[in-house]
Amino acid sequence: MTQKKILLVETDDSLREIVAYVLKDEGFDVIKADPDMAFLMKYTTADLILLDEWVNREGGDMMCREIKAVHELQHIPVVILSTAINIEEIVESCKADGFVRKPFDVDDLLGEVKRCLKTGLGQSAFA
Amino acid sequence: MSDVSTIDRILSGGDHTGAIIQNIDWSITTIGSPDTWPDSLVSALSVGLYSGFPIAIYWGADFTLLYNDAWSSIPGDKHPWALGKPGAVVWPEIWDGLREEFETVLHEGRSYRRPDALLLMHRYGYTEECYFDYTLSPIISREGEIGGVYNAVIETTFKVIQERRNKVISEFIQHKYLAHHQDEALQFIGNILTHAAEDIPFYMLYIFPGHVGRDAELTAYGNITKASAKQAKWPATQPSDDGSPVVITDLRQYLREEVVNFWPEPVSEAVLLPISKDEASVKGFVVFGASARKRLDDAYITFLQTVAIHTGSLLNNAAAYETNEAYHREQALNEELAAANEELTAINEELVQTQTSLNELNQELEERVETRTLEVLTAQAAAVTERDRLKRFLMDAPAAICILNGPEMNYELVNASYQQLLPERQLLGLPILQALPEIEDQPIWDVLHKVYQTGEAYHGNEVPVAFISPDGGTAEERYFNFTYQAKHGPDKVVDGIMVFAFEVTDMVRSRQLVEESYAQLQALNEEVAATNEELAATNEELITTNEDLYATKAELEKSISELEASENRFRALIQHAPVAIAVVNGPDLILETANTARLELWGKTKDVIGLKLKDALPEMAGQHYLQILSAVYETGRTYHGNESRAFVERNGVLTEGFYNFVYEPIQDGDGQVTGIILVTIDVTQQVQARKALEGAQDTLKFAFVAAELGTFDLDLDKGTLSWDDRCRELFGVSHHNEVTYEKDFVNGLHPDDRERIVEIINNVFVRSISNGDYDVEYRTVGAEDERVRWVRAKGKAYFDENDKPLRFVGAVLDITEQKLDEIRKNDFIGMVSHELKTPLTSLSAYVQVLLSKARKGEDKFTLDALTKTSQQAKKMSNMINGFLNISRFESGKIHLEKSTFELDSLVKDAIDETLLVVSSHTITLLPCQPIQVYADGGKISSVVTNLLSNAVKYSPRGTNIEVSCIVTGSMARVNVRDEGIGISPQDQEKLFDRYYRVESKQARYVSGFGIGLYLSAEIIHRHDGEISVESEPGKGSTFWFTLPVGA
């Protein structure tokens, strides 16, 4: 199996680093992006996007919506990282594929990423 | 003077220019022909013509120009025309700026040197940016006279411009490695280029995105409008393969708007250039505008090319730095990890501080909301009291008053005095035609209609109304003075009539009687007169016929006695009439008679009879009644007064009163006025009653305005809706046209609130569901101004005996400010929670990674420490969630997810979970029967857990906590009893308030924010249950809550 590539868009520097570390440790290829680099998403070739809901203060869900509106990108699973209590509503409205509530259990984060990678592959293969 | 051959020799040495000078006919210039030229000019010219440097001579008062070959390139296309022309003619575009210098050289002998002076010259068909180093010095003759100006020039345009361009390049070189990411690079580029507008009036930078095959995207631009930049379409979307520039000479074709920058002429040329070579990671191209005042020559293009390449290398260096930096950051990670523990401590402190300010904020907001609510309720109560007062007033008023409502004119209100007018009739609630069918054919019905349609009040005076007794038998004609006043609904449309009536049948009848008797009297008088004539005519007969005489005499006596009887009867009638009557005679208005009622009204005695009216009633001086009487006497026309104000002296006090009256002239047989009958009714009480009523109405309106309350009134029978001005304002409606429920109300609701409010109103109309009560908050979107407003509406529906809704009325209040405050508060709390959680997330993730590493190692202390750190982080996370929950509870966003479950099992599970982490106490569950409830299990479980953890926190180690469940009636009750420190009665009251914590020595070291019980209470109340505590300080507490039983 080839190494899966994850685009990690997270505002908080320190959190971005540790999440990247955890993902790399699990064997993923990780591209890190701070909010200024978030536009990278539009050109990404990643297999999954891990997206902070508060990118550029509150635009994470908007970005997810944009990705899901672009034909070439919409197959890429998006997992939202969020502190919001009503995260389920946000995820539903922006059509994200999964979410992890902050603060999270590292195992939960990995579990959700793997789950979404599986379903994401299924979609692109059969859609 | 010089001879011609000398001059020819000098000129022939001057190459081309000299030859041209030779050919000019100088005699027609101000200098004159060469043979007249002074020596000083000839010497200067000889020096000039032979010099290799550009030299010009401006000779004479008009500065006629002569110059050498080297100078001839300076005027450009103007050479050789310029030779022999005055300076002002050669340089019209710059002469104004130069004249002064030239004049002071010529007249004062001064000299100048100007290095690198900017002269904008028109040499090649366009205005050009040129720089010159020049000197001006006087040409002085042997006699000391100054004949002209000697001008040596070097053009420095190339040098000046090249230096300037080099500065731009060196700016780029200085910044080459300073940018650390693309944004910064773009900022540097923008700064440099926007300051190089002389040479680059505008720039646009396009960068190719990472994906191959996509078009370059406009990434930055300067000195050009956004619209122009976004819409620009260039002839090439790629720079040419060999990197050579694409020159655009017809810029107007590609740009929406002309670019004018630095120079006044619009930019007409631009150059498209690549910014990097193949191997660069950032690729793209730039479009640079070219100066309108410089030729786009090779040097210019080379300069632009250099700028483009530097732009590219700035961007590429920034990208390289970014990659490098990312690598360094990863290395720094380990150090950061070490700092994490310190951060944990700092965060703890931060949390406590934030908590304090949150407390303050919430309290302040809470107080403001309460104050506002109180204001609203007070205003509503005032309005209701005012309404009641008004109604009571109407009912008790001494005047006959009724309110006819709607076009059917239903008797909506009938007061006692009015009902007394028609004692045998059923009026209230009936349309007027049903209550008084006989009026349909009478003029009064048309009058009512007219008032309803026009809204104009109508005052009727002695209007006859025929009443037919209900059995259809006898008809009775009665007279009324009345006022019909249109009643306006909140939307200013007439919706009823207010009737004030006063029966004047007696008065009218009395007057009619008086008039009748008087007519009889007149008839008798005439008869007497006729008899007299007859008497005279038959005098002779009288003398001759005694019998006749006696007969006639007897007849005469009879007539007189009849006359007397008639007059007595008349006086008696007047005297006892129930209305005030008086008779005045003659032009002096001598009071002949006044009845008791009249004297009472005037406050006078019989003594006034026989006096002139103005003497009898001295207080009438200055009031207009005596003038009216005089006019009636003169014209013979009857005068009616209606609710006329008069001041009458009674018992020495001047009293204000209102009167209806008739002044009826008395005429003799010839139509000559001899006196006036005055009939008056005192209507003071009625008028005052009506005025007070109008005042009360105003007060009511004022109360509504003061409270800023709008009102609405939906008549379900007629399907009409009325809104007052304030209500219209809240829906953004400024007109006064008719409004409807669907078009104006439903459409005026905010789309997000529409469905909810319409459903609530539908329920308001079902008595069994709502009892007609209505109390909601919603948003409106202004029909005209499209403003969003928050509105609180309160009202009530009224039903008939079959529970069919008839009317729906109420008030609306603008609560926009209050709502925005609430939203701001919740946003703030949400934001704070986010800010707290983010570092916590990162902290917790690091700890987890460390923990998993520690598990693989041998270091037990590290493992323990990290396990505890992890638990603490979780605890902190729970506390922050508590805050978020509060803000969400208050904005009504939390929904209960109900299902049927067994409460006893849930309690048991909660105890088991608590025991996993608590070893300091024992918890016993008393035997409990299965209890089914329909509730949100997750939330109820958190309530139980909260009560248990409170019990653990506030009771000594080693004590027991006893839990029991019982069913009483339809409610299930869960008790949690501890043997703890207990709670004082005053604390018990506030225990369930938000952030409340018991202040005591024992409790000081117990952690928590005081949110748990507040949230628990919210959850239980949402389930229609109760939560409370029974406690005695020192002995322990029992916390309990109840929930409705059932699936």
# chains A, B, ... in the order shown; residues from 1 in each chain; ligands from 1
$ interface_residues --of "chain B" --to "chain A" --cutoff "7 Å" --atoms "only C-alpha atoms" --output "ChimeraX atom specification"
/B:210-211,834,837,840-842,844-846,848
$ write_last_selection --atoms "N, CA and C atoms" --output "CSV table (one decimal), in the first residue's frame"
chain,number,residue,atom,x,y,z
B,210,GLY,N,0.4,25.8,-8.6
B,210,GLY,CA,1.2,24.6,-8.6
B,210,GLY,C,0.8,23.6,-9.7
B,211,HIS,N,-0.4,23.6,-10.1
B,211,HIS,CA,-0.9,22.6,-11.1
B,211,HIS,C,-0.4,23.1,-12.4
B,834,HIS,N,-13.1,28.7,23.2
B,834,HIS,CA,-12.3,28.3,22.1
B,834,HIS,C,-10.8,28.6,22.4
B,837,LYS,N,-9.6,26.2,25.0
B,837,LYS,CA,-9.5,24.8,24.6
B,837,LYS,C,-8.3,24.5,23.6
B,840,LEU,N,-5.2,23.8,25.3
B,840,LEU,CA,-5.4,22.6,26.1
B,840,LEU,C,-5.4,21.3,25.1
B,841,THR,N,-5.9,21.5,23.9
B,841,THR,CA,-5.9,20.4,23.0
B,841,THR,C,-4.4,20.0,22.7
B,842,SER,N,-3.6,21.0,22.4
B,842,SER,CA,-2.3,20.8,22.0
B,842,SER,C,-1.5,20.1,23.2
B,844,SER,N,-2.8,18.4,25.7
B,844,SER,CA,-3.3,17.1,25.9
B,844,SER,C,-2.7,16.1,24.9
B,845,ALA,N,-2.5,16.6,23.6
B,845,ALA,CA,-2.0,15.7,22.6
B,845,ALA,C,-0.5,15.4,22.9
B,846,TYR,N,0.2,16.4,23.3
B,846,TYR,CA,1.6,16.1,23.7
B,846,TYR,C,1.7,15.1,24.8
B,848,GLN,N,-0.4,12.9,25.7
B,848,GLN,CA,-0.7,11.5,25.2
B,848,GLN,C,0.4,10.9,24.5
$ select_by_dssp --residues "segment 571-807 of chain B" --states "helix (DSSP H, G or I)" --output "PyMOL selection string"
chain B and resi 571-576+596-602+606-608+613-616+618-620+625-635+684-706+725-730+741-748+751-764+767-770
$ select_by_dssp --residues "segment 26-120 of chain A" --states "strand (DSSP E)" --output "ChimeraX atom specification"
/A:29-33,48-52,78-82,98-101
$ residues_around --residues "Gly652 of chain B" --least-positions-apart "4" --cutoff "12 Å" --atoms "only C-alpha atoms" --output "list of chain:residue names"
B:Trp602, B:Gly603, B:Lys604, B:Pro618, B:Glu619, B:Phe647, B:Val648
$ residues_around --residues "Ile983 of chain B" --least-positions-apart "6" --cutoff "10 Å" --atoms "only C-alpha atoms" --output "VMD selection string"
chain B and resid 954 989 991 998 1000 1029 to 1037
